[in-house]
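**Student:** What follows is a structure written as structure tokens; I'll ask about it next.
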Amino acid sequence: MEKMKMGTALIYDEEMTKYKLLWVDPMCKIEVPERLTVSHEALIKTGLAGRCVSVPVREATDADILLVHSEEYLEAVKKTPYMTLEDLKEFTLLYGDVYFHPNIYHCAKLAAGAALQLVDSVMTGKVRNGMALVRPPGHHSMRSAANGFCVFNNVAIAARYAKQKHGVKRVLIVDWDIHHGQGVQYCFEDDPSVLYFSWHRYEHQKFWPQLRESDYDSVGKEKGAGFNINVPWNKVGMKNSDYLSVFCHVLLPVAYEFNPDLVLVCAGFDSAIGDPEGEMCASPDIFAHLTHLLMNLAGGKLCAVLEGGYNLTALSQSVCQTVQTLLGDPAPRPANLEGPCTSALETLHCVRSAHRPYWSCLKHAAELPSSDVSTKRVKLAAEEEEEEEEERLEKGEEEKSAEEKVWPEPPIRVNPPVRTALVLPDGEATPDGCQRFSSSEDPVTVNKLRENFLKDADDSNATLTTLSSLIALVEKMEKNEICNGLALVPDVSMAMKCVVQHAATAPNNRVLVVCVGDAVVPSQVTEDGKTLLVQFSNKESEEPTCKYHILVCLKKGCSDVSGFTQAVLGVLLPLGYEYDPGLVLLVRTPDSGLCDGVWQQLTSLLQGLAQGHTLVLMQEGERSCVGPTASSLLGDAAPSLGQIHAPLPEDVEALERLRHRLQTDWKLLQNTGEFTTAASQSNITHNATSTEFKMTCTKYINRNFCLLKTAPDTGGSEEH
């Protein structure tokens with residue numbers, strides 16, 4: 001299969017495995033050299049390492065490290081190679097949940113240097129993206145302190161370095177490790193040029209690092225207010241649906257509005273199933289989807305740097321899923337998606353509400369009651385002691401169950417021999433990297449086409465040839481011989497009906513039809529669920545009564561970038577993931593009004609569904625759009641959309657009404673906690689201020705949280 005332009009860097013050096021815990025410490029025993037070796041060996045065994053561009057490691061210089069850390073701290077760490085075992089133990093006691101070894105200073109310089117090498121490779125265009133397998137991790141280390149297995153803050157150093165050396169204006173840091181990267185937060189919490197997003201196990205401040213400033217309402221300080229997004233998980237057992245919900249309803253809308261020049265990922269895989277630290281239930285293949293959803297930001301400039309991950313099986317599988325997606329292979333079909341759990345919805349609601357003042361894409365988010373609200377649960381001392389005793393008794397069983405947890409191997413991701421096939425009129429040039437497609441006409445197919453579609457066609461022979469080729473192309477995609485395709489057709493409505501009718505005959509197949517513009521709806525869109533049609537239009541019409549026909553009506557149609565983008569991220573993607581189609585049919589009508597950049601983003605994002613099996617239909621008159629569309633189908637990053645302004649209030653209200661109406665049937669559209677459910681069922685809108693709504697909210701909060709005044713947030717002070 002043809003590859004994307006440029007390559008994927010892989011940075012690894014065996015030297016970073018050459019330190020380990022030299023004494024007994026139950027907190028640190030899980031951070032072992034095998035974390036790195038099993039990850040690298042898995043990449044070699046699967047052939048992924050051989051497909052990557054190997055980039056050598058270098059040591060970070062003092063100047064690099066001082067971009068984030070204090071000179072006093074650096075000088076102290078420099079002495080560790082010469083310390084005795086007793087000196088190392090004593091030095092370790094100065095910090096929290098970390099250990100030192102005579103070789104750890106050298107390895108920490110390599111880990112930070114690997115992140116910088118990756119940034120250099122991506123920013124200079126030597127590669128498109130990449131991953132650095134490093135040890136020690138970095139996101140907990142602070143200006144003057146080691147913490148949580150971390151010595152130097154690799155990603156924070158990389159962000160400052162990218163700004164200083166490469167002139168990067170805006171950096172997005174996505175931290176999907178299961179622990180809060182407080183070191184990154186403290187580093188950038190007053191900096192509006194760095195958007196830091198972290199989800200983390202929190203459990204109402206009972207899970208390490210047990211910081212008040214890890215909660216959802218720590219949004220950044222001064223000029224950086226709004227640029228720190230914390231998503232606290234208050235229960236264990238979060239699943240793929242919970243992770244995808246947060247991406248669709250928080251991270252992606254804000255990230256597109258932020259418009260980064262570079263994406264850095266704190267790629268910790270202790271958020272995967274089976275990990276003793278995370279105790280979550282998200283399968284390793286979810287990281288293929290999370291990676292894919294980030295790959296069109298910043299023109300595809302994405303650098304993933306390893307953080308945590310302590311179940312060696314889940315870790316190695318997750319690393320492989322991430323790297324394979326960076327290489328451009330189609331993501332596997334997501335399994336067992338459902339709605340986010342109640343606890344995740346509460347967190348989603350809180351996060352979106354906290355960031356309402358800062359992001360236009362969240363201006364419509366549901367409010368919380370005016371009383372002090374925190375996801376931190378404060379209990380009476382007697383209750384705490386009783387619960388702690390229960391936890392001590394249960395801890396052994398929990399650790400045992402985490403070790404014994406079994407999950408299926410991630411599905412094998414087989415690349416079709418052909419990436420992109422095109423059905424084009426005679427004389428139309430085929431873009432580089434694509435394969436022209438045509439097929440001999442099957443008599444049975446021809447008869448069906450004549451009977452169903454060609455009675456009134458002006459040029460029946462040309463249309464017959466095109467429709468026959470479309471059916472043959474779909475069949476090749478069903479057999480995984482071709483990944484995706486594009487067709488210029490005389491009549492997109494007719495071609496859409498033809499493909500839908502044919503695809504619906506395949507057993508157990510589901511087709512997601514995304515129609516941009518006005519077109520005649522295929523009659524196959526019925527309650528049998530074999531076809532889901534999402535149609536974007538600017539024409540007011542009656543709302544369809546069918547669950548599987550969804551009309552997204554925008555005032556300016558698809559020409560308004562902000563409204564359309566918000567609809568794609570907050571409505572279309574959740575619908576698509578929950579529906580889980582076997583084929584995506586993307587239709588662009590001549591009157592769509594959609595600009596090429598947004599169209600490319602849409603085309604790229606949808607390829608995360610149906611194992612990348614996307615068929616694009618466009619009218620013959622839109623020849624100028626063939627090149628950009630083919631580029632996205634081949635896996636090239638879509639161009640940045642630039643500064644996205646606030647969507648029209650009418651569009652926001654229309655999308656919210658649509659989401660509220662659909663969320664009973666489509667659970668991934670939910671993004672508010674239980675305390676708004678009663679309100680929404682009473683037809684109270686998202687910005688309701690009625691007494692009934694406030695009472696509903698307050699009752700729920702008081703029932704679930706003991707609201708006490710908390711101490712002032714001291715995050716970011718020099719004590720850190």
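Residues are named by chain letter and number: chains run A, B, ... in the order of the structure tokens, numbers start at 1 in each chain, and ligands are numbered from 1 in the order shown.
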If you count only C-alpha atoms, which residues fall within 9 Å of Ala146 (chain A), apart from same-chain ones fewer than 4 positions away, as an MDAnalysis selection string?
**Tutor:** chainID A and resid 73 92 94:99 138 140:142 150:153
**Student:** Limited to C-alpha atoms, could you put the picked residues into a file as a JSON list (two decimals), in the first residue's frame?
**Tutor:**
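Dumped to result.json:
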[["chain", "number", "residue", "atom", "x", "y", "z"],
["A", 73, "TYR", "CA", 18.37, 21.27, 40.97],
["A", 92, "THR", "CA", 15.90, 10.20, 47.03],
["A", 94, "LEU", "CA", 14.32, 14.77, 49.29],
["A", 95, "TYR", "CA", 11.71, 14.04, 46.63],
["A", 96, "GLY", "CA", 8.50, 12.07, 46.22],
["A", 97, "ASP", "CA", 7.92, 8.61, 44.70],
["A", 98, "VAL", "CA", 11.17, 8.48, 42.74],
["A", 99, "TYR", "CA", 14.47, 6.65, 42.97],
["A", 138, "GLY", "CA", 9.14, 13.20, 32.68],
["A", 140, "HIS", "CA", 5.81, 14.77, 37.05],
["A", 141, "SER", "CA", 9.21, 16.44, 37.48],
["A", 142, "MET", "CA", 9.07, 20.07, 38.52],
["A", 150, "CYS", "CA", 10.63, 11.53, 36.66],
["A", 151, "VAL", "CA", 13.95, 13.40, 36.78],
["A", 152, "PHE", "CA", 13.75, 15.94, 33.94],
["A", 153, "ASN", "CA", 10.47, 17.00, 32.35]]
**Student:** Go through region 567-648 of chain A and flag each residue having an atom no more than 12 Å from region 276-290 of chain A; for those, report the closest pair of atoms plus their distance in Å to one decimal, using only C-alpha atoms, ordered by chain and rising number, as a Markdown table.
**Tutor:**
| residue | atom | partner | partner_atom | distance |
| --- | --- | --- | --- | --- |
| A:Leu573 | CA | A:His289 | CA | 11.5 |
| A:Tyr577 | CA | A:His289 | CA | 10.0 |
| A:Leu605 | CA | A:His289 | CA | 9.9 |
| A:Leu606 | CA | A:His289 | CA | 10.9 |
| A:Gln607 | CA | A:His289 | CA | 10.0 |
| A:Gly608 | CA | A:His289 | CA | 6.4 |
| A:Leu609 | CA | A:His289 | CA | 8.8 |
| A:Ala610 | CA | A:His289 | CA | 11.6 |
| A:Gln611 | CA | A:His289 | CA | 10.6 |
| A:Gly612 | CA | A:His289 | CA | 11.4 |
**Student:** Excluding region 471-485 of chain A and any residue of its chain fewer than 6 positions from it, enumerate the residues within 8 Å of it, using only C-alpha atoms, and give them as a list in words.
**Tutor:**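 After dropping sequence-adjacent residues, the list is Asn415, Pro416, Pro417, Val418, Arg419, Thr420, Ala421, Leu422, Val423, Phe437, Ser439, Cys498, Val499, His502, Ala503, Gln611, Gly612, His613, Thr614, Leu615, Val616 and Leu633 of chain A.
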**Student:** Once you have the residues from the selection above, write them out as a compact mmCIF listing (two decimals), in the first residue's frame, restricted to N, CA and C atoms.
**Tutor:**
# COMPACT_ATOMS: atom_id res chain seq x y z
N ASN A 415 -2.98 -4.00 5.93
CA ASN A 415 -3.05 -2.96 4.92
C ASN A 415 -3.48 -3.52 3.59
N PRO A 416 -4.52 -2.97 2.97
CA PRO A 416 -4.87 -3.41 1.62
C PRO A 416 -3.72 -3.12 0.64
N PRO A 417 -3.60 -3.89 -0.42
CA PRO A 417 -2.53 -3.65 -1.40
C PRO A 417 -2.60 -2.26 -2.03
N VAL A 418 -3.82 -1.73 -2.18
CA VAL A 418 -4.01 -0.41 -2.79
C VAL A 418 -4.60 0.52 -1.74
N ARG A 419 -3.98 1.68 -1.58
CA ARG A 419 -4.49 2.65 -0.61
C ARG A 419 -5.71 3.40 -1.17
N THR A 420 -5.53 4.03 -2.33
CA THR A 420 -6.58 4.90 -2.86
C THR A 420 -6.82 4.62 -4.34
N ALA A 421 -8.06 4.27 -4.68
CA ALA A 421 -8.44 4.01 -6.07
C ALA A 421 -9.44 5.08 -6.53
N LEU A 422 -9.29 5.51 -7.77
CA LEU A 422 -10.11 6.59 -8.29
C LEU A 422 -10.91 6.16 -9.52
N VAL A 423 -12.19 6.50 -9.52
CA VAL A 423 -13.04 6.32 -10.70
C VAL A 423 -13.22 7.71 -11.32
N PHE A 437 -9.17 3.29 -11.38
CA PHE A 437 -9.96 2.06 -11.22
C PHE A 437 -11.10 2.03 -12.23
N SER A 439 -13.82 -1.31 -14.10
CA SER A 439 -14.07 -2.76 -14.08
C SER A 439 -14.92 -3.15 -15.28
N CYS A 498 -27.19 4.35 -5.47
CA CYS A 498 -26.69 3.09 -6.03
C CYS A 498 -25.78 2.38 -5.04
N VAL A 499 -24.83 3.12 -4.46
CA VAL A 499 -23.88 2.51 -3.53
C VAL A 499 -24.59 2.03 -2.27
N HIS A 502 -26.57 -1.12 -2.95
CA HIS A 502 -25.70 -2.30 -3.09
C HIS A 502 -25.12 -2.72 -1.75
N ALA A 503 -24.59 -1.74 -1.00
CA ALA A 503 -23.95 -2.07 0.27
C ALA A 503 -24.92 -2.67 1.26
N GLN A 611 -12.26 0.94 9.43
CA GLN A 611 -10.92 0.51 9.01
C GLN A 611 -10.42 1.32 7.81
N GLY A 612 -10.84 2.57 7.76
CA GLY A 612 -10.39 3.44 6.69
C GLY A 612 -11.14 3.30 5.39
N HIS A 613 -12.16 2.45 5.35
CA HIS A 613 -12.89 2.22 4.10
C HIS A 613 -13.86 3.38 3.85
N THR A 614 -13.37 4.36 3.16
CA THR A 614 -14.13 5.57 2.85
C THR A 614 -14.23 5.72 1.34
N LEU A 615 -15.43 5.91 0.84
CA LEU A 615 -15.65 6.18 -0.58
C LEU A 615 -16.21 7.59 -0.71
N VAL A 616 -15.51 8.43 -1.47
CA VAL A 616 -15.92 9.82 -1.66
C VAL A 616 -16.57 9.97 -3.03
N LEU A 633 -7.08 11.19 1.40
CA LEU A 633 -7.31 9.74 1.35
C LEU A 633 -5.99 8.97 1.41
**Student:** Could you name the residues that touch Gln566 (chain A) at 10 Å or less, counting only C-alpha atoms, but leaving out those on the same chain fewer than 2 positions away, as a PyMOL selection string?
**Tutor:** chain A and resi 248-249+252-254+256-257+361-362+561-564+568-572+646-647+651-652+655
**Student:** Which is closer to Arg128 (chain A) than all the others in A:Lys301, A:Lys221, A:Lys556, A:Lys448, using only C-alpha atoms?
**Tutor:**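 With only C-alpha atoms as the atom set, the closest residue is A:Lys301.
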**Student:** For a quick check of understanding, using only C-alpha atoms, which of A:Leu424, A:Cys595, A:Leu345, A:Ile44 has the smallest distance to Leu669 (chain A)?
**Tutor:**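 Looking only at the distances to Leu669 (chain A), the closest residue turns out to be A:Leu345.
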